[in-house]
Amino acid sequence: MIIIYIIGINILSFTLMGWDKYCAKKHYWRISEYNLLGLALLGGAIGTLLGMIIFHHKTKKKKFQILIPLSIIINILLLINYN
């Protein structure tokens, strides 16, 4: 069950990074950084990182440069301790 959760939240995180980039280009309503980082911390860090790389989104923000790799480490540690 945990695998389904991890896959789902990473797909959601990746998708929202792409959507936020699209909204930024079109000057539409944006997704808050707080929500994007929160999803990363809740298990979607890999999806967020892939979204950053593929969509070239939030790559220059220090907050994301630091917190996304940290979230990946936290996600891995939590998965290891879960099993």
# chains A, B, ... in the order shown; residues from 1 in each chain; ligands from 1

call {"tool": "select_by_dssp", "arguments": {"residues": "chain A", "states": "helix (DSSP H, G or I)", "output": "number ranges by chain"}}
result
A: 2-26, 33-55, 62-82

call {"tool": "write_last_selection", "arguments": {"atoms": "C-alpha atoms", "output": "mmCIF file, in the first residue's frame"}}
result
data_model
loop_
_atom_site.group_PDB
_atom_site.id
_atom_site.type_symbol
_atom_site.label_atom_id
_atom_site.label_comp_id
_atom_site.auth_asym_id
_atom_site.auth_seq_id
_atom_site.Cartn_x
_atom_site.Cartn_y
_atom_site.Cartn_z
ATOM 1 C CA ILE A 2 2.854 2.382 0.767
ATOM 2 C CA ILE A 3 4.220 1.904 -2.766
ATOM 3 C CA ILE A 4 0.914 3.064 -4.264
ATOM 4 C CA TYR A 5 1.005 6.140 -2.019
ATOM 5 C CA ILE A 6 4.594 7.006 -2.981
ATOM 6 C CA ILE A 7 3.892 6.589 -6.695
ATOM 7 C CA GLY A 8 0.698 8.631 -6.468
ATOM 8 C CA ILE A 9 2.153 11.549 -4.513
ATOM 9 C CA ASN A 10 5.166 11.713 -6.823
ATOM 10 C CA ILE A 11 2.949 11.792 -9.903
ATOM 11 C CA LEU A 12 0.891 14.534 -8.237
ATOM 12 C CA SER A 13 4.010 16.523 -7.280
ATOM 13 C CA PHE A 14 5.462 16.230 -10.777
ATOM 14 C CA THR A 15 2.159 17.238 -12.377
ATOM 15 C CA LEU A 16 1.726 20.243 -10.096
ATOM 16 C CA MET A 17 5.243 21.464 -10.878
ATOM 17 C CA GLY A 18 4.361 21.349 -14.576
ATOM 18 C CA TRP A 19 1.014 23.037 -13.977
ATOM 19 C CA ASP A 20 2.618 25.790 -11.899
ATOM 20 C CA LYS A 21 5.183 26.432 -14.632
ATOM 21 C CA TYR A 22 2.380 26.658 -17.197
ATOM 22 C CA CYS A 23 0.458 29.069 -14.957
ATOM 23 C CA ALA A 24 3.585 31.185 -14.479
ATOM 24 C CA LYS A 25 3.985 31.569 -18.229
ATOM 25 C CA LYS A 26 0.297 32.421 -18.738
ATOM 26 C CA GLU A 33 5.626 27.294 -2.787
ATOM 27 C CA TYR A 34 4.434 26.142 0.622
ATOM 28 C CA ASN A 35 2.147 23.560 -1.024
ATOM 29 C CA LEU A 36 4.794 22.398 -3.502
ATOM 30 C CA LEU A 37 7.360 21.953 -0.727
ATOM 31 C CA GLY A 38 4.776 20.330 1.531
ATOM 32 C CA LEU A 39 4.011 17.666 -1.067
ATOM 33 C CA ALA A 40 7.732 17.013 -1.437
ATOM 34 C CA LEU A 41 8.093 16.515 2.293
ATOM 35 C CA LEU A 42 5.057 14.214 2.401
ATOM 36 C CA GLY A 43 6.695 11.778 -0.021
ATOM 37 C CA GLY A 44 6.696 13.562 -3.375
ATOM 38 C CA ALA A 45 10.274 14.812 -3.369
ATOM 39 C CA ILE A 46 11.384 12.758 -6.384
ATOM 40 C CA GLY A 47 8.406 13.959 -8.428
ATOM 41 C CA THR A 48 9.132 17.548 -7.426
ATOM 42 C CA LEU A 49 12.807 17.196 -8.351
ATOM 43 C CA LEU A 50 11.923 15.675 -11.724
ATOM 44 C CA GLY A 51 9.436 18.510 -12.275
ATOM 45 C CA MET A 52 12.127 21.048 -11.480
ATOM 46 C CA ILE A 53 14.503 19.460 -13.981
ATOM 47 C CA ILE A 54 12.075 18.694 -16.811
ATOM 48 C CA PHE A 55 10.020 21.895 -16.611
ATOM 49 C CA LYS A 62 17.546 28.616 -2.983
ATOM 50 C CA LYS A 63 14.603 27.316 -0.971
ATOM 51 C CA PHE A 64 14.013 24.566 -3.525
ATOM 52 C CA GLN A 65 17.718 23.889 -4.099
ATOM 53 C CA ILE A 66 18.092 23.108 -0.404
ATOM 54 C CA LEU A 67 14.746 21.703 0.686
ATOM 55 C CA ILE A 68 14.061 19.286 -2.182
ATOM 56 C CA PRO A 69 17.293 17.258 -1.741
ATOM 57 C CA LEU A 70 16.708 17.361 2.023
ATOM 58 C CA SER A 71 13.155 16.099 1.454
ATOM 59 C CA ILE A 72 14.490 13.231 -0.664
ATOM 60 C CA ILE A 73 16.770 12.187 2.185
ATOM 61 C CA ILE A 74 13.923 12.451 4.697
ATOM 62 C CA ASN A 75 11.610 10.463 2.390
ATOM 63 C CA ILE A 76 14.207 7.704 2.032
ATOM 64 C CA LEU A 77 14.855 7.561 5.778
ATOM 65 C CA LEU A 78 11.137 7.337 6.492
ATOM 66 C CA LEU A 79 10.720 4.537 3.945
ATOM 67 C CA ILE A 80 13.622 2.613 5.452
ATOM 68 C CA ASN A 81 12.210 3.006 8.957
ATOM 69 C CA TYR A 82 8.707 2.079 7.767
#
